[in-house]
Amino acid sequence: MPAESIGMRYVTVLVETGGGPLHPTERPVAESTALTRVAFHRVELLEDGTGIVLAELRGDKERYRDILDGDDRIYDYTVSGGDTWYSYVHFEPPAPLRTFLETQRESEVILEMPVEIRDDWTYKVTFVGREEQFRAELDAMPDFVDTHVLRTGSYRPDVGQLLGELTERQREILEVAFEAGYYEDP
């Protein structure tokens with residue numbers, strides 16, 4: 001049975017930050033002509049209130065390391081890859097970002113990765129869930145951001161997307177469990 005029949009939908013929004021970063025360390029990275037931010041592949045709030053991010057970038061790794069080394073809000077990081085590379089960073093999130101990540105952790109809506117990073121301090125973000133849950137998710141965005149819906153529709157995962165690698169039988173089992181209310185009360 002198709003995944004879209006279980007009532008999952010998606011909404012893709014453009015998140016505008018008013019010309020500023022989600023985390024202060026983003027500004028020198030974005031303003032460096034030697035670096036290009038591409039996407040966030042994982043962003044998570046840890047139990048101790050700190051955050052982790054797996055970011056995709058291009059450019060001068062040494063310049064990037066210099067920026068992170070000079071910021072006391074960055075606790076640790078590692079950089080790996082070739083022309084396009086990844087950075088795994090353990091950081092102190094500012095209060096608005098921490099609030100959003102706390103809300104996302106408890107949310108019934110899934111933040112689909114990657115989050116596309118654009119040069120104009122906007123982020124292209126897709127949420128997956130039930131339509132009635134999207135309003136609450138968008139209302140939970142930090143006050144310093146605006147959101148604009150780009151598109152919405154039935155969610156049909158492809159290979160490489162969330163649920164995309166499930167077999168037909170696994171999707172059928174998921175659908176039955178979802179319709180029976182199994183996921184309503186964890």
# chains A, B, ... in the order shown; residues from 1 in each chain; ligands from 1

call {"tool": "residues_around", "arguments": {"residues": "stretch 61-64 of chain A", "least_positions_apart": "4", "cutoff": "9 Å", "atoms": "only C-alpha atoms", "output": "list in words"}}
result
Pro28, Val29, Ser32, Ala34, Leu35, Leu57, Leu68, Asp69, Val79 and Trp85 of chain A

call {"tool": "closest_atom_pairs", "arguments": {"of": "stretch 34-115 of chain A", "to": "stretch 19-22 of chain A", "cutoff": "9 Å", "atoms": "only C-alpha atoms", "output": "CSV"}}
result
residue,atom,partner,partner_atom,distance
A:Pro93,CA,A:Leu22,CA,8.7
A:Pro94,CA,A:Leu22,CA,8.1
A:Pro96,CA,A:Leu22,CA,8.3
A:Leu97,CA,A:Leu22,CA,6.6

call {"tool": "select_by_dssp", "arguments": {"residues": "stretch 3-183 of chain A", "states": "alpha helix (DSSP H)", "output": "count of residues only"}}
result
48

call {"tool": "residues_around", "arguments": {"residues": "A:Tyr155", "least_positions_apart": "3", "cutoff": "9 Å", "atoms": "only C-alpha atoms", "output": "VMD selection string"}}
result
chain A and resid 3 to 4 7 to 11 128 to 129 152

call {"tool": "residues_around", "arguments": {"residues": "stretch 109-115 of chain A", "least_positions_apart": "6", "cutoff": "6 Å", "atoms": "only C-alpha atoms", "output": "list in words"}}
result
Ala39, Phe40, His41, Lys124, Val125, Thr126, Phe127, Val128 and Gly129 of chain A

call {"tool": "decode", "arguments": {"residues": "stretch 70-84 of chain A", "atoms": "N, CA, C and O atoms", "output": "PDB file, in the first residue's frame"}}
result
ATOM      1  N   GLY A  70      38.287  29.934  17.348  1.00  0.00           N
ATOM      2  CA  GLY A  70      38.204  31.245  17.984  1.00  0.00           C
ATOM      3  C   GLY A  70      36.879  31.528  18.670  1.00  0.00           C
ATOM      4  O   GLY A  70      36.636  32.649  19.113  1.00  0.00           O
ATOM      5  N   ASP A  71      36.023  30.540  18.787  1.00  0.00           N
ATOM      6  CA  ASP A  71      34.691  30.755  19.355  1.00  0.00           C
ATOM      7  C   ASP A  71      34.500  29.864  20.583  1.00  0.00           C
ATOM      8  O   ASP A  71      34.475  28.638  20.466  1.00  0.00           O
ATOM      9  N   ASP A  72      34.346  30.489  21.763  1.00  0.00           N
ATOM     10  CA  ASP A  72      34.205  29.694  22.987  1.00  0.00           C
ATOM     11  C   ASP A  72      32.839  29.021  23.120  1.00  0.00           C
ATOM     12  O   ASP A  72      32.614  28.243  24.046  1.00  0.00           O
ATOM     13  N   ARG A  73      31.927  29.289  22.190  1.00  0.00           N
ATOM     14  CA  ARG A  73      30.627  28.590  22.189  1.00  0.00           C
ATOM     15  C   ARG A  73      30.718  27.251  21.452  1.00  0.00           C
ATOM     16  O   ARG A  73      29.766  26.495  21.413  1.00  0.00           O
ATOM     17  N   ILE A  74      31.882  26.981  20.863  1.00  0.00           N
ATOM     18  CA  ILE A  74      32.134  25.712  20.183  1.00  0.00           C
ATOM     19  C   ILE A  74      32.973  24.863  21.122  1.00  0.00           C
ATOM     20  O   ILE A  74      34.090  25.228  21.485  1.00  0.00           O
ATOM     21  N   TYR A  75      32.433  23.710  21.528  1.00  0.00           N
ATOM     22  CA  TYR A  75      33.132  22.849  22.488  1.00  0.00           C
ATOM     23  C   TYR A  75      34.080  21.875  21.809  1.00  0.00           C
ATOM     24  O   TYR A  75      35.147  21.571  22.339  1.00  0.00           O
ATOM     25  N   ASP A  76      33.688  21.365  20.659  1.00  0.00           N
ATOM     26  CA  ASP A  76      34.520  20.403  19.952  1.00  0.00           C
ATOM     27  C   ASP A  76      33.992  20.284  18.533  1.00  0.00           C
ATOM     28  O   ASP A  76      32.833  20.614  18.267  1.00  0.00           O
ATOM     29  N   TYR A  77      34.835  19.804  17.637  1.00  0.00           N
ATOM     30  CA  TYR A  77      34.401  19.603  16.256  1.00  0.00           C
ATOM     31  C   TYR A  77      35.378  18.682  15.549  1.00  0.00           C
ATOM     32  O   TYR A  77      36.499  18.469  16.007  1.00  0.00           O
ATOM     33  N   THR A  78      34.921  18.168  14.432  1.00  0.00           N
ATOM     34  CA  THR A  78      35.782  17.416  13.535  1.00  0.00           C
ATOM     35  C   THR A  78      35.368  17.744  12.108  1.00  0.00           C
ATOM     36  O   THR A  78      34.200  18.061  11.854  1.00  0.00           O
ATOM     37  N   VAL A  79      36.320  17.694  11.206  1.00  0.00           N
ATOM     38  CA  VAL A  79      36.089  18.013   9.797  1.00  0.00           C
ATOM     39  C   VAL A  79      36.600  16.843   8.970  1.00  0.00           C
ATOM     40  O   VAL A  79      37.692  16.340   9.215  1.00  0.00           O
ATOM     41  N   SER A  80      35.798  16.422   7.978  1.00  0.00           N
ATOM     42  CA  SER A  80      36.182  15.276   7.174  1.00  0.00           C
ATOM     43  C   SER A  80      35.639  15.420   5.760  1.00  0.00           C
ATOM     44  O   SER A  80      34.515  15.888   5.565  1.00  0.00           O
ATOM     45  N   GLY A  81      36.427  15.001   4.764  1.00  0.00           N
ATOM     46  CA  GLY A  81      35.956  14.987   3.384  1.00  0.00           C
ATOM     47  C   GLY A  81      36.895  15.700   2.441  1.00  0.00           C
ATOM     48  O   GLY A  81      37.933  16.218   2.837  1.00  0.00           O
ATOM     49  N   GLY A  82      36.493  15.727   1.169  1.00  0.00           N
ATOM     50  CA  GLY A  82      37.305  16.307   0.101  1.00  0.00           C
ATOM     51  C   GLY A  82      36.824  17.688  -0.295  1.00  0.00           C
ATOM     52  O   GLY A  82      36.789  18.597   0.534  1.00  0.00           O
ATOM     53  N   ASP A  83      36.432  17.851  -1.567  1.00  0.00           N
ATOM     54  CA  ASP A  83      35.983  19.161  -2.053  1.00  0.00           C
ATOM     55  C   ASP A  83      34.733  19.636  -1.324  1.00  0.00           C
ATOM     56  O   ASP A  83      34.625  20.780  -0.917  1.00  0.00           O
ATOM     57  N   THR A  84      33.763  18.743  -1.206  1.00  0.00           N
ATOM     58  CA  THR A  84      32.613  18.986  -0.336  1.00  0.00           C
ATOM     59  C   THR A  84      32.874  18.165   0.907  1.00  0.00           C
ATOM     60  O   THR A  84      33.168  16.984   0.828  1.00  0.00           O
TER      61      THR A  84
END
